[in-house]
Each structure stands twice: as C-alpha cells, then as structure tokens.
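J.: For reference, this is my_file-v6.txt, and it has compact mmCIF, C-alpha atoms.
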```
# COMPACT_ATOMS: atom_id res chain seq x y z
CA MET A 27 -15.99 -28.60 -42.11
CA ALA A 28 -13.09 -30.77 -43.27
CA ARG A 29 -12.78 -34.24 -41.82
CA GLY A 30 -10.66 -34.34 -38.66
CA GLN A 31 -11.21 -30.65 -37.87
CA GLY A 32 -14.30 -31.10 -35.77
CA ARG A 33 -17.94 -30.89 -36.73
CA VAL A 34 -21.21 -29.14 -36.07
CA PHE A 35 -24.37 -31.15 -35.41
CA GLN A 36 -27.85 -31.18 -33.91
CA ARG A 37 -28.93 -33.56 -31.24
CA GLY A 38 -32.11 -35.56 -31.74
CA GLY A 39 -35.17 -33.42 -31.25
CA SER A 40 -33.20 -30.24 -30.54
CA LYS A 41 -33.02 -27.29 -32.92
CA LYS A 42 -29.85 -25.92 -31.29
CA TRP A 43 -26.51 -26.51 -32.97
CA TYR A 44 -23.56 -28.08 -31.17
CA ILE A 45 -19.86 -28.34 -31.96
CA GLU A 46 -17.33 -31.11 -31.48
CA TYR A 47 -13.52 -30.89 -31.54
CA TRP A 48 -10.45 -32.52 -30.03
CA TRP A 49 -7.92 -31.01 -27.63
CA GLN A 50 -4.94 -32.79 -26.04
CA GLY A 51 -6.38 -36.21 -26.91
CA ARG A 52 -9.80 -35.49 -25.45
CA GLN A 53 -13.10 -34.97 -27.21
CA HIS A 54 -14.89 -31.70 -26.41
CA ARG A 55 -18.53 -30.93 -27.11
CA GLU A 56 -20.38 -27.72 -26.36
CA SER A 57 -23.55 -25.93 -27.34
CA SER A 58 -23.32 -22.92 -29.62
CA GLY A 59 -26.41 -21.53 -27.92
CA SER A 60 -27.82 -20.73 -31.35
CA PHE A 61 -30.43 -22.19 -33.69
CA ARG A 62 -28.39 -21.14 -36.73
CA GLU A 63 -25.78 -23.46 -38.21
CA ARG A 64 -23.48 -20.60 -39.25
CA ASP A 65 -23.18 -19.47 -35.61
CA ALA A 66 -22.05 -22.97 -34.64
CA VAL A 67 -19.54 -22.98 -37.51
CA ALA A 68 -18.13 -19.63 -36.39
CA LEU A 69 -17.75 -20.92 -32.80
CA LEU A 70 -16.05 -24.10 -34.02
CA ARG A 71 -13.59 -22.10 -36.09
CA ARG A 72 -12.79 -19.95 -33.06
CA ARG A 73 -12.16 -23.03 -30.93
CA LEU A 74 -9.97 -24.63 -33.60
CA GLY A 75 -7.96 -21.42 -33.85
CA GLN A 76 -7.39 -21.57 -30.09
CA VAL A 77 -6.34 -25.20 -30.39
CA ASP A 78 -3.82 -24.30 -33.11
CA THR A 79 -2.22 -21.64 -30.88
CA GLY A 80 -2.22 -23.96 -27.86
CA ARG A 81 -4.48 -21.62 -25.85
CA LEU A 82 -7.92 -23.13 -25.71
CA VAL A 83 -10.31 -20.94 -23.74
CA GLY A 84 -13.37 -23.11 -23.61
CA PRO A 85 -16.84 -22.38 -22.23
CA GLN A 86 -15.87 -22.85 -18.58
CA PHE A 87 -13.32 -20.05 -18.89
CA GLU A 88 -15.63 -17.79 -20.85
CA ARG A 89 -18.18 -17.84 -18.06
CA THR A 90 -15.78 -16.51 -15.38
CA THR A 91 -16.74 -12.94 -14.48
CA PHE A 92 -14.81 -10.04 -13.03
CA GLU A 93 -16.93 -10.24 -9.87
CA GLU A 94 -15.80 -13.83 -9.36
CA LEU A 95 -12.19 -12.67 -9.58
CA THR A 96 -12.74 -9.95 -6.97
CA GLN A 97 -14.36 -12.43 -4.57
CA MET A 98 -11.40 -14.79 -4.94
CA LEU A 99 -9.04 -11.93 -4.03
CA VAL A 100 -11.03 -10.92 -0.95
CA ASP A 101 -11.27 -14.56 0.18
CA ASP A 102 -7.51 -14.96 -0.25
CA TYR A 103 -6.81 -11.89 1.89
CA GLN A 104 -9.23 -12.95 4.62
CA VAL A 105 -8.10 -16.58 4.77
CA ASN A 106 -4.44 -15.62 4.98
CA GLY A 107 -5.02 -12.73 7.38
CA ARG A 108 -3.36 -10.18 5.13
CA LYS A 109 -3.04 -6.77 6.77
CA SER A 110 -3.63 -4.79 3.58
CA LEU A 111 -7.21 -5.96 3.01
CA ASP A 112 -8.53 -2.39 3.25
CA ARG A 113 -6.19 -1.27 0.48
CA ALA A 114 -7.22 -4.25 -1.67
CA VAL A 115 -10.89 -3.36 -1.21
CA ARG A 116 -10.18 0.23 -2.30
CA SER A 117 -8.38 -1.09 -5.37
CA ILE A 118 -11.32 -3.36 -6.20
CA ARG A 119 -13.70 -0.40 -5.97
CA HIS A 120 -11.74 1.54 -8.60
CA LEU A 121 -11.25 -1.52 -10.82
CA ARG A 122 -14.98 -2.27 -10.68
CA SER A 123 -15.82 1.21 -11.96
CA PHE A 124 -14.10 0.24 -15.23
CA PHE A 125 -14.26 -3.57 -15.47
CA GLY A 126 -17.56 -4.17 -13.65
CA GLY A 127 -19.86 -6.41 -15.67
CA CYS A 128 -17.00 -7.78 -17.77
CA ARG A 129 -16.04 -11.41 -18.18
CA ALA A 130 -12.47 -12.33 -17.31
CA ILE A 131 -11.58 -13.01 -20.95
CA GLU A 132 -12.49 -9.40 -21.75
CA VAL A 133 -9.78 -8.06 -19.42
CA THR A 134 -7.07 -7.85 -22.06
CA SER A 135 -3.78 -5.95 -22.19
CA ASP A 136 -5.23 -3.15 -24.30
CA ARG A 137 -8.15 -2.73 -21.91
CA VAL A 138 -5.77 -2.55 -18.96
CA SER A 139 -3.89 0.20 -20.82
CA SER A 140 -7.21 1.99 -21.27
CA TYR A 141 -7.83 1.62 -17.53
CA ILE A 142 -4.49 3.25 -16.74
CA ARG A 143 -5.39 6.20 -18.98
CA PHE A 144 -8.88 6.33 -17.42
CA ARG A 145 -7.39 6.65 -13.93
CA LEU A 146 -4.77 9.23 -14.95
CA GLU A 147 -7.45 11.39 -16.56
CA ALA A 148 -9.89 11.11 -13.66
CA THR A 149 -10.86 14.11 -11.52
CA PRO A 150 -8.77 14.27 -9.43
CA PRO A 151 -6.21 12.16 -11.31
CA ALA A 152 -4.95 9.05 -9.55
CA LYS A 153 -1.28 8.93 -8.62
CA PRO A 154 0.90 6.39 -10.46
CA ALA A 155 1.67 4.58 -7.18
CA THR A 156 -2.07 4.16 -6.54
CA ILE A 157 -2.64 2.79 -10.04
CA GLN A 158 0.29 0.41 -9.54
CA ASN A 159 -1.38 -0.97 -6.41
CA GLU A 160 -4.63 -1.46 -8.31
CA LEU A 161 -2.86 -3.30 -11.13
CA ALA A 162 -1.13 -5.49 -8.54
CA ALA A 163 -4.57 -6.43 -7.16
CA LEU A 164 -5.77 -7.26 -10.69
CA LYS A 165 -2.71 -9.42 -11.32
CA ARG A 166 -3.31 -11.26 -8.07
CA MET A 167 -6.92 -11.94 -9.11
CA PHE A 168 -5.78 -13.61 -12.33
CA SER A 169 -3.06 -15.59 -10.56
CA LEU A 170 -5.65 -17.01 -8.14
CA ALA A 171 -8.11 -17.69 -10.95
CA TYR A 172 -5.47 -19.42 -13.07
CA ARG A 173 -4.49 -21.63 -10.14
CA ALA A 174 -8.16 -22.52 -9.58
CA GLY A 175 -8.75 -23.31 -13.27
CA LYS A 176 -11.09 -20.36 -13.77
CA VAL A 177 -9.09 -18.70 -16.56
CA ALA A 178 -6.98 -20.22 -19.31
CA ALA A 179 -4.14 -17.71 -19.05
CA ARG A 180 -3.03 -14.51 -17.38
CA PRO A 181 -2.93 -11.47 -19.67
CA ALA A 182 0.25 -9.46 -20.08
CA PHE A 183 -0.19 -6.39 -17.89
CA PRO A 184 1.29 -3.08 -19.04
CA GLY A 185 3.25 -1.22 -16.40
CA ILE A 186 3.26 2.35 -15.19
CA LYS A 187 6.38 4.18 -14.11
CA VAL A 188 6.31 5.27 -10.47
CA ARG A 189 8.69 7.83 -9.06
CA ASN A 190 8.08 6.98 -5.44
CA THR A 191 10.35 9.67 -4.00
CA ARG A 192 9.64 10.31 -0.35
CA SER A 193 10.22 13.96 0.46
CA GLY A 194 7.65 15.04 3.04
CA PHE A 195 8.63 15.83 6.62
CA PHE A 196 7.72 18.22 9.42
CA GLU A 197 9.78 20.80 11.18
CA GLU A 198 8.99 21.05 14.89
CA GLU A 199 6.97 24.26 14.60
CA GLN A 200 4.96 22.84 11.68
CA PHE A 201 4.09 19.72 13.62
CA GLN A 202 2.99 21.71 16.68
CA ALA A 203 0.85 23.96 14.48
CA VAL A 204 -0.92 20.93 12.97
CA LEU A 205 -1.28 19.17 16.33
CA LYS A 206 -3.12 22.04 18.02
CA ARG A 207 -5.59 22.24 15.12
CA LEU A 208 -6.57 18.57 15.36
CA PRO A 209 -9.55 17.34 17.42
CA HIS A 210 -8.54 16.44 20.97
CA ASP A 211 -9.33 12.74 20.52
CA ILE A 212 -6.90 12.54 17.56
CA ARG A 213 -3.95 14.45 19.01
CA GLY A 214 -2.66 11.54 21.08
CA ILE A 215 -2.40 9.06 18.20
CA VAL A 216 -0.70 11.67 15.99
CA GLU A 217 1.80 12.68 18.68
CA PHE A 218 2.67 9.04 19.42
CA THR A 219 3.30 8.43 15.71
CA PHE A 220 5.51 11.51 15.58
CA LEU A 221 7.55 10.49 18.64
CA THR A 222 8.04 6.81 17.73
CA GLY A 223 8.08 6.79 13.93
CA TRP A 224 5.73 3.79 13.95
CA ARG A 225 3.23 3.12 11.16
CA ILE A 226 -0.19 4.62 11.77
CA GLY A 227 -1.83 1.19 11.40
CA GLU A 228 0.36 -0.16 14.22
CA VAL A 229 -0.49 2.80 16.48
CA ARG A 230 -4.22 2.75 15.73
CA THR A 231 -4.59 -0.85 16.98
CA LEU A 232 -2.26 -0.51 19.99
CA GLN A 233 -3.79 -1.92 23.21
CA TRP A 234 -2.98 -1.38 26.87
CA ARG A 235 -1.80 -4.96 27.31
CA GLN A 236 1.12 -3.96 25.07
CA VAL A 237 2.15 -1.08 27.35
CA ASP A 238 4.28 -1.93 30.41
CA PHE A 239 4.57 1.09 32.71
CA VAL A 240 6.81 -0.82 35.13
CA ALA A 241 9.41 -1.69 32.49
CA SER A 242 8.63 1.51 30.54
CA ILE A 243 8.25 -0.25 27.19
CA VAL A 244 5.64 -0.51 24.44
CA ARG A 245 5.61 -3.84 22.65
CA LEU A 246 4.34 -5.00 19.26
CA GLU A 247 3.91 -8.75 19.06
CA PRO A 248 5.30 -10.80 16.13
CA GLY A 249 2.76 -11.10 13.35
CA THR A 250 1.07 -7.79 14.12
CA THR A 251 3.44 -5.56 12.13
CA LYS A 252 3.88 -5.03 8.39
CA ASN A 253 7.02 -7.19 8.28
CA ASP A 254 5.60 -9.66 10.89
CA GLU A 255 8.50 -8.97 13.27
CA GLY A 256 7.95 -7.97 16.89
CA ARG A 257 9.21 -4.65 18.21
CA VAL A 258 9.97 -2.94 21.53
CA PHE A 259 10.10 0.81 22.14
CA PRO A 260 11.50 1.91 25.55
CA PHE A 261 9.68 5.10 26.51
CA GLY A 262 11.28 5.69 29.89
CA ALA A 263 14.10 7.67 28.28
CA ALA A 264 11.64 9.86 26.33
CA PRO A 265 9.85 12.27 28.73
CA ASP A 266 7.39 13.51 26.06
CA LEU A 267 6.35 9.97 25.17
CA CYS A 268 6.10 8.91 28.79
CA ALA A 269 3.89 11.90 29.62
CA LEU A 270 1.69 11.18 26.59
CA LEU A 271 1.06 7.57 27.61
CA GLN A 272 0.28 8.61 31.18
CA ARG A 273 -2.26 11.17 29.93
CA GLN A 274 -3.86 8.53 27.71
CA ARG A 275 -4.06 6.12 30.62
CA GLN A 276 -5.77 8.72 32.80
CA LEU A 277 -8.19 9.63 30.00
CA THR A 278 -8.99 5.95 29.41
CA SER A 279 -9.66 5.38 33.13
CA VAL A 280 -12.17 8.23 33.14
CA VAL A 281 -13.99 6.79 30.10
CA GLU A 282 -14.01 3.31 31.66
CA GLN A 283 -15.59 4.67 34.84
CA GLU A 284 -18.22 6.60 32.91
CA GLN A 285 -19.14 3.68 30.64
CA GLY A 286 -18.68 0.87 33.13
CA ARG A 287 -16.50 -1.23 30.84
CA LEU A 288 -12.85 -1.78 29.98
CA VAL A 289 -11.38 0.06 27.01
CA PRO A 290 -8.56 -2.02 25.51
CA TRP A 291 -7.25 0.57 23.06
CA VAL A 292 -4.59 3.11 23.98
CA PHE A 293 -5.96 5.64 21.50
CA HIS A 294 -9.72 5.82 21.10
CA ARG A 295 -12.72 8.06 20.65
CA ARG A 296 -14.73 7.83 23.84
CA GLY A 297 -13.93 4.13 24.09
CA LYS A 298 -14.31 3.31 20.42
CA PRO A 299 -11.27 2.50 18.25
CA VAL A 300 -9.99 5.19 15.90
CA ARG A 301 -10.79 4.18 12.33
CA THR A 302 -9.83 7.10 10.14
CA PHE A 303 -9.29 10.84 10.42
CA HIS A 304 -8.35 11.87 6.89
CA ASP A 305 -10.67 14.89 6.76
CA ALA A 306 -9.55 16.26 10.13
CA TRP A 307 -5.90 15.74 9.18
CA ARG A 308 -6.19 17.51 5.83
CA ARG A 309 -8.05 20.42 7.40
CA ALA A 310 -5.47 20.83 10.18
CA CYS A 311 -2.56 20.74 7.71
CA ARG A 312 -4.23 23.30 5.48
CA GLU A 313 -4.95 25.65 8.38
CA ALA A 314 -1.38 25.24 9.68
CA GLY A 315 0.04 26.35 6.33
CA CYS A 316 1.48 22.99 5.25
CA PRO A 317 -1.11 21.41 2.95
CA ALA A 318 -0.57 18.10 1.17
CA ARG A 319 1.31 16.63 4.14
CA LEU A 320 0.63 12.97 4.85
CA VAL A 321 0.28 11.18 8.17
CA HIS A 322 3.13 8.97 6.92
CA ASP A 323 5.35 12.07 6.87
CA LEU A 324 5.45 11.75 10.67
CA ARG A 325 7.34 8.48 10.24
CA ARG A 326 9.77 10.09 7.82
CA THR A 327 10.29 12.96 10.25
CA ALA A 328 11.13 10.55 13.07
CA VAL A 329 13.74 8.78 10.90
CA ARG A 330 15.24 12.13 9.88
CA GLU A 331 15.53 13.27 13.51
CA MET A 332 17.20 10.01 14.53
CA GLU A 333 19.74 10.50 11.72
CA ARG A 334 20.42 14.07 12.85
CA ALA A 335 20.70 12.95 16.47
CA GLY A 336 23.39 10.43 15.53
CA VAL A 337 21.36 7.31 16.40
CA SER A 338 22.99 4.32 14.71
CA ARG A 339 21.00 2.95 11.81
CA SER A 340 20.82 -0.54 13.28
CA VAL A 341 19.18 0.84 16.44
CA ALA A 342 16.92 3.25 14.56
CA MET A 343 15.70 0.47 12.27
CA LYS A 344 14.81 -1.67 15.28
CA LEU A 345 12.87 1.22 16.84
CA THR A 346 10.92 2.16 13.71
CA GLY A 347 10.50 -1.33 12.24
CA HIS A 348 12.37 -0.90 8.96
CA LYS A 349 13.49 -4.32 7.79
CA THR A 350 16.11 -3.28 5.22
CA GLU A 351 18.57 -0.40 5.18
CA SER A 352 17.69 0.43 1.57
CA ILE A 353 14.11 1.26 2.60
CA TYR A 354 15.32 3.09 5.70
CA ARG A 355 17.57 5.33 3.59
CA ARG A 356 14.56 6.43 1.57
CA TYR A 357 13.10 7.85 4.78
CA ALA A 358 16.32 9.57 5.91
CA ILE A 359 15.30 12.78 4.15
CA VAL A 360 17.71 15.70 3.90
CA SER A 361 16.15 19.17 3.93
CA GLU A 362 17.51 22.33 2.34
CA ALA A 363 18.58 23.48 5.79
CA ASP A 364 20.56 20.25 6.24
CA LEU A 365 22.25 20.81 2.89
CA ALA A 366 23.06 24.42 3.75
CA GLU A 367 24.54 23.31 7.06
CA GLY A 368 26.73 20.78 5.21
CA VAL A 369 27.96 23.44 2.81
CA GLY A 370 28.67 25.79 5.72
CA ARG A 371 30.70 23.16 7.55
CA ARG A 372 32.84 22.50 4.49
CA ALA A 373 33.35 26.24 3.91
CA ALA A 374 34.49 26.65 7.52
CA PHE A 375 36.88 23.73 7.14
CA ARG A 376 38.38 25.21 3.97
CA SER A 377 38.69 28.60 5.62
CA ASN A 378 40.57 27.17 8.59
CA SER A 379 42.87 25.04 6.45
CA ARG A 380 43.65 27.60 3.72
CA PRO A 381 47.39 28.51 3.53
CA VAL A 382 48.30 31.98 4.81
CA PRO A 383 50.27 34.07 2.26
CA ALA A 384 53.93 33.97 3.30
CA GLN A 385 55.62 37.19 4.44
CA PHE A 386 59.30 37.99 3.88
CA GLY A 387 61.30 35.99 6.38
CA ALA A 388 58.17 34.05 7.51
CA THR A 389 57.34 30.34 7.18
CA ARG A 390 54.20 29.32 5.22
CA GLY A 391 51.39 27.90 7.35
CA THR A 392 47.62 27.58 7.60
CA ALA A 393 45.05 29.95 9.07
CA GLU A 394 44.64 27.48 11.91
CA ASP A 395 48.39 27.59 12.62
CA GLU A 396 48.29 31.39 12.69
CA SER A 397 45.34 31.45 15.07
CA THR A 398 47.09 29.12 17.52
CA ALA A 399 50.49 30.80 17.31
```
Could you render the structure as structure tokens?
T.:
Amino acid sequence: MARGQGRVFQRGGSKKWYIEYWWQGRQHRESSGSFRERDAVALLRRRLGQVDTGRLVGPQFERTTFEELTQMLVDDYQVNGRKSLDRAVRSIRHLRSFFGGCRAIEVTSDRVSSYIRFRLEATPPAKPATIQNELAALKRMFSLAYRAGKVAARPAFPGIKVRNTRSGFFEEEQFQAVLKRLPHDIRGIVEFTFLTGWRIGEVRTLQWRQVDFVASIVRLEPGTTKNDEGRVFPFGAAPDLCALLQRQRQLTSVVEQEQGRLVPWVFHRRGKPVRTFHDAWRRACREAGCPARLVHDLRRTAVREMERAGVSRSVAMKLTGHKTESIYRRYAIVSEADLAEGVGRRAAFRSNSRPVPAQFGATRGTAEDESTA
C-alpha cells in the first residue's frame, strides 16, 4: 500500500494479518481475521473507501446484529411504559422472519424494499398500514442503535403508500346480530365499546375503582389513554349503559363470592382479564352477515351516531377521547343512507321553493306561497 494510506502487518509470533489506518486524527488497528495477506489488503481498501466517503463502519458496527436492535426496541418500550408494546412485538415477529440472523449493516434500503414486496406477496398479503407500522419499528431500532453508537448510520427507508380510509360502521340491526352471536363473557365489553366509542384497549383494562355509581360516571385517569389525557363518561343519562354496568357489577359479585377474592376488572372471563377475542369476533361477524368488520368499527359507529344526533364536536371529542378534530372527522363516516337523506332534503327544498307558473291576472309566487294562501 502507498505510504500514508495505511498498512497491513503481522504481529510478532502471529500468523494473522492486521490493518492500520487513520480516521479523524486517530489511529485504528484491527484484525483481518485471516492468515492471508490479500484478505487484509482487501479489508484495508474497504476501510479506506469508507474513510474517503466520511462513513467509516468499523468492526464494532459490523458486529451489531438484528437481534440486538430488536432487544433495544423492546427495552425502550418497557422503560418508557409505551402502550403499544404488543404491536411492536408483532412487528418484530414479522421483521425477524425476513431479517433474522442478519447483521445491522446488512439491513440496507434495497433489502427493506425486498421486505415490503415479501410482505405484500405473503399469504394472506399484509395490508400497507401494517407494513408501515413494521417499518416504523425498524426505523426506531436504528435510531436507538445510532444514539447508542451501535451503528454508523441509519439507512434510507423506502416508503409505502397507505390509503387509511376509515369506512366501516354498524347499523343497529347489524350490531345486535353480531352481539347475540358472541360468547356471553364477551358481550359486555363489546356493548360498552359500542355505547361509549372508547378504544377497546381502554375498555379491556377498565377497573371497578374507575366506576362511580353514586355520581354515575366512568373515569379514565391521565396517562392511561392513548393520548395520555384523562376522560369522564357520565352514564346516568344513558339507560342502556347504566343497565350494562349494573349487570356487570352483579355478575362480578357472583364470581367474587364463588372464588373468594376480589375481581378488579369490570369486564372479565370468570375473574380473569379479557386478553383477546379475535376468533370469536370474526366468527360472530361472519355468521351475522357482515364479515370483515373490525372491533374498531364500534368506535366509528359511536362517532357517527353522535354526529347524527347533533352532539357538538367539542363534546363528542371529550367523550370519545379524540384529541384533534382532523382525526375525529375521519371517524364521522357518512353512509349511503345519509347521502340519500341529504339529497332528499335538498329535493324537497327545491320543490317547495320552485316558482309556480303565473296564470293570467295572477301574481308569480312559489309553491310554498301557494300552499299557504
């Protein structure tokens, strides 16, 4: 190698070849891991090329694995008490199926593009919004690793277009059909979600200490919701909701007497918290004739009914926990029946205000004038 561009050498008594180069005023030495001089020369040239571009990787970065990145993400979620840890773990599971066993430096932009194609072509294919969440988890891994000095740089991540249009909702008869096909221990949590418009995660963890039957309110404490804001829902003015909570209280009292212990959760399965009910939900929706409905559609339905009932948006947003009006508007879904009703109202208005053809000796007027004459 030319003078001043580094060198390859062997240490006394060792047959392995080492390299030496300079970066930002500091001398760097590392083993090539090989007994052949040409391997050491190739490594030195690679390092010098990185130095020339200002992006030295170095051996400490090359050793960082994908598994180390995933552990850093999980630790970050647990330390900071992030509520979406379950979703992050699901994202890691899918990412591991493609990047498992890789080193961090092997997660390049072109490989991320291949991952996107891999997920879109899976059976069943992943939705773009799901892939976007997985890429967000991967980006977060590299941000944490870069901050900790585990990677030299964060790769440029290709994006995927997401048309996140929310269009699912229930009509009353559809909801009742699904409800009666659900297991009895799930009906309460689904009905509460339908009546309040709260997020299923907020309802699933609801405890009796948050229910005040004297004041007729259900309370979510600050820090326990998605936007970290507290919330109050008065149920005294909602007979269906009041009756539901009373039934749940009676059911819980029976379970407590049978098991000889207190049950803190409002909605439970024989005293145990409700974790998931995806299979039961999908089966009930299919049997009720409205497949592909989501539990989250209950929240959209609640927003839609508040809009139709004339509840002011500021009040509705406080009840459902929407922080911004732009997000709330995405839930205020208009059905075909709503559109038809709007067209009908305008047609009736035009009919009543249309001028009546003038007769000889008569004054022009509207249909409304004629009907009130």
J.: Nearest to Arg173 of chain A: which of A:Gly347, A:Leu95, A:Pro260, A:Lys206 is it, counting only C-alpha atoms?
T.: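 When distances to Arg173 of chain A are compared using only C-alpha atoms, the smallest one comes from A:Leu95.
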J.: Quick check, in Å to one decimal: how far apart do atom CA of Arg273 of chain A and atom CA of Arg245 of chain A lie?
T.: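 Between these atoms lies a distance of 18.4 Å.
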J.: Find the residues near Arg319 of chain A: any atom within 8 Å, counting only C-alpha atoms, skip ones fewer than 5 places away on the same chain, and give them as a ChimeraX atom specification.
T.: /A:194-195,308,311
J.: With distances taken over all atoms listed in the file, which residue among A:Gln158, A:Trp307, A:Glu94, A:Phe124 lies nearest Leu320 of chain A?
T.: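 Counting all atoms listed in the file, the residue closest to Leu320 of chain A is A:Trp307.
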J.: Could you check how far atom CA of Ile142 of chain A sits from atom CA of Arg108 of chain A, in Å to one decimal?
T.: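 Between atom CA of Ile142 of chain A and atom CA of Arg108 of chain A the gap works out to 25.7 Å.
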J.: In terms of the shortest atom-to-atom distance over all atoms listed in the file, which of A:Val115, A:Leu99, A:Leu146, A:Val204 is closest to Arg166 of chain A?
T.: A:Leu99
J.: Any idea what the distance is between atom CA of Leu111 of chain A and atom CA of His348 of chain A?
T.: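 Spanning atom CA of Leu111 of chain A to atom CA of His348 of chain A is a straight-line distance of 21.1 Å.
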J.: From the list A:Asp323, A:Glu160, A:Asp101, A:Glu255, which residue is nearest Arg225 of chain A when using only C-alpha atoms?
T.: A:Asp323
J.: I'd like to know which of A:Glu147, A:Glu199, A:Glu228, A:Asp238 is closest to Gly315 of chain A, using only C-alpha atoms.
T.: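 Looking at the shortest contact to Gly315 of chain A, the residue is A:Glu199.
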J.: Near Arg55 of chain A, within 7 Å and counting all atoms listed in the file, which residues show up once chain neighbours fewer than 5 positions away are dropped, as an MDAnalysis selection string?
T.: chainID A and resid 45:47
J.: For the residues selected in the previous step, produce a file with C-alpha atoms as an mmCIF file, in the coordinates of the input.
T.:
```cif
data_model
loop_
_atom_site.group_PDB
_atom_site.id
_atom_site.type_symbol
_atom_site.label_atom_id
_atom_site.label_comp_id
_atom_site.auth_asym_id
_atom_site.auth_seq_id
_atom_site.Cartn_x
_atom_site.Cartn_y
_atom_site.Cartn_z
ATOM 1 C CA ILE A 45 -19.860 -28.340 -31.960
ATOM 2 C CA GLU A 46 -17.330 -31.110 -31.480
ATOM 3 C CA TYR A 47 -13.520 -30.890 -31.540
#
```
J.: Write out as a list in words which residues come within 9 Å of segment 262-266 of chain A when counting only C-alpha atoms, dropping same-chain ones fewer than 2 positions away.
T.: Leu221, Phe239, Ala241, Ser242, Ile243, Pro260, Cys268, Ala269, Leu270 and Leu271 of chain A
J.: Tell me which of A:Leu277, A:Glu284, A:Trp291, A:Ala182 sits closest to Val229 of chain A, counting all atoms listed in the file.
T.: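 For Val229 of chain A, the nearest of the given residues is A:Trp291.
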J.: For segment 217-219 of chain A, find every residue with an atom within 8 Å (counting only C-alpha atoms), except residues of its own chain fewer than 4 positions away, and show them as number ranges by chain.
T.: A: 205, 213, 223-226, 229, 267, 270, 324-325
J.: Can you pull out every residue within 12 Å of Val341 of chain A, counting all atoms listed in the file, but drop anything in the same chain fewer than 4 positions away, and send it as a list in words?
T.: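 Once the adjacent positions are removed, what remains is Arg257, Val258, Phe259, Pro260, Val329, Met332, Glu333, Gly336, Val337, Leu345, Thr346, Gly347, His348, Lys349, Glu351 and Tyr354 of chain A.
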J.: Once you've located segment 196-209 of chain A in the structure I gave, write it as a PDB file, in the first residue's frame, keeping N, CA, C and O atoms.
T.:
```
ATOM      1  N   PHE A 196     -71.437   0.070  11.895  1.00  0.00           N
ATOM      2  CA  PHE A 196     -72.545  -0.853  12.098  1.00  0.00           C
ATOM      3  C   PHE A 196     -73.867  -0.089  12.097  1.00  0.00           C
ATOM      4  O   PHE A 196     -73.978   0.980  12.713  1.00  0.00           O
ATOM      5  N   GLU A 197     -74.848  -0.658  11.440  1.00  0.00           N
ATOM      6  CA  GLU A 197     -76.217  -0.238  11.670  1.00  0.00           C
ATOM      7  C   GLU A 197     -76.703  -0.977  12.915  1.00  0.00           C
ATOM      8  O   GLU A 197     -76.132  -2.005  13.301  1.00  0.00           O
ATOM      9  N   GLU A 198     -77.765  -0.476  13.539  1.00  0.00           N
ATOM     10  CA  GLU A 198     -78.225  -1.044  14.803  1.00  0.00           C
ATOM     11  C   GLU A 198     -78.528  -2.532  14.690  1.00  0.00           C
ATOM     12  O   GLU A 198     -78.124  -3.339  15.535  1.00  0.00           O
ATOM     13  N   GLU A 199     -79.232  -2.922  13.617  1.00  0.00           N
ATOM     14  CA  GLU A 199     -79.603  -4.336  13.493  1.00  0.00           C
ATOM     15  C   GLU A 199     -78.383  -5.216  13.250  1.00  0.00           C
ATOM     16  O   GLU A 199     -78.336  -6.373  13.707  1.00  0.00           O
ATOM     17  N   GLN A 200     -77.368  -4.685  12.578  1.00  0.00           N
ATOM     18  CA  GLN A 200     -76.135  -5.448  12.370  1.00  0.00           C
ATOM     19  C   GLN A 200     -75.407  -5.672  13.684  1.00  0.00           C
ATOM     20  O   GLN A 200     -74.932  -6.784  13.971  1.00  0.00           O
ATOM     21  N   PHE A 201     -75.345  -4.616  14.483  1.00  0.00           N
ATOM     22  CA  PHE A 201     -74.661  -4.742  15.769  1.00  0.00           C
ATOM     23  C   PHE A 201     -75.357  -5.763  16.659  1.00  0.00           C
ATOM     24  O   PHE A 201     -74.705  -6.607  17.284  1.00  0.00           O
ATOM     25  N   GLN A 202     -76.683  -5.697  16.726  1.00  0.00           N
ATOM     26  CA  GLN A 202     -77.427  -6.637  17.571  1.00  0.00           C
ATOM     27  C   GLN A 202     -77.246  -8.072  17.090  1.00  0.00           C
ATOM     28  O   GLN A 202     -77.165  -9.000  17.901  1.00  0.00           O
ATOM     29  N   ALA A 203     -77.174  -8.253  15.768  1.00  0.00           N
ATOM     30  CA  ALA A 203     -76.976  -9.595  15.218  1.00  0.00           C
ATOM     31  C   ALA A 203     -75.608 -10.146  15.615  1.00  0.00           C
ATOM     32  O   ALA A 203     -75.469 -11.336  15.935  1.00  0.00           O
ATOM     33  N   VAL A 204     -74.584  -9.303  15.585  1.00  0.00           N
ATOM     34  CA  VAL A 204     -73.240  -9.736  15.994  1.00  0.00           C
ATOM     35  C   VAL A 204     -73.211 -10.000  17.493  1.00  0.00           C
ATOM     36  O   VAL A 204     -72.648 -11.004  17.948  1.00  0.00           O
ATOM     37  N   LEU A 205     -73.808  -9.114  18.264  1.00  0.00           N
ATOM     38  CA  LEU A 205     -73.761  -9.212  19.731  1.00  0.00           C
ATOM     39  C   LEU A 205     -74.335 -10.534  20.221  1.00  0.00           C
ATOM     40  O   LEU A 205     -73.742 -11.192  21.095  1.00  0.00           O
ATOM     41  N   LYS A 206     -75.469 -10.957  19.674  1.00  0.00           N
ATOM     42  CA  LYS A 206     -76.099 -12.181  20.175  1.00  0.00           C
ATOM     43  C   LYS A 206     -75.359 -13.449  19.740  1.00  0.00           C
ATOM     44  O   LYS A 206     -75.630 -14.535  20.261  1.00  0.00           O
ATOM     45  N   ARG A 207     -74.419 -13.317  18.809  1.00  0.00           N
ATOM     46  CA  ARG A 207     -73.633 -14.470  18.367  1.00  0.00           C
ATOM     47  C   ARG A 207     -72.273 -14.551  19.063  1.00  0.00           C
ATOM     48  O   ARG A 207     -71.502 -15.477  18.798  1.00  0.00           O
ATOM     49  N   LEU A 208     -71.994 -13.592  19.923  1.00  0.00           N
ATOM     50  CA  LEU A 208     -70.739 -13.607  20.684  1.00  0.00           C
ATOM     51  C   LEU A 208     -70.904 -14.423  21.955  1.00  0.00           C
ATOM     52  O   LEU A 208     -72.017 -14.546  22.491  1.00  0.00           O
ATOM     53  N   PRO A 209     -69.819 -14.980  22.501  1.00  0.00           N
ATOM     54  CA  PRO A 209     -69.894 -15.651  23.802  1.00  0.00           C
ATOM     55  C   PRO A 209     -70.381 -14.678  24.871  1.00  0.00           C
ATOM     56  O   PRO A 209     -70.128 -13.477  24.799  1.00  0.00           O
TER      57      PRO A 209
END
```
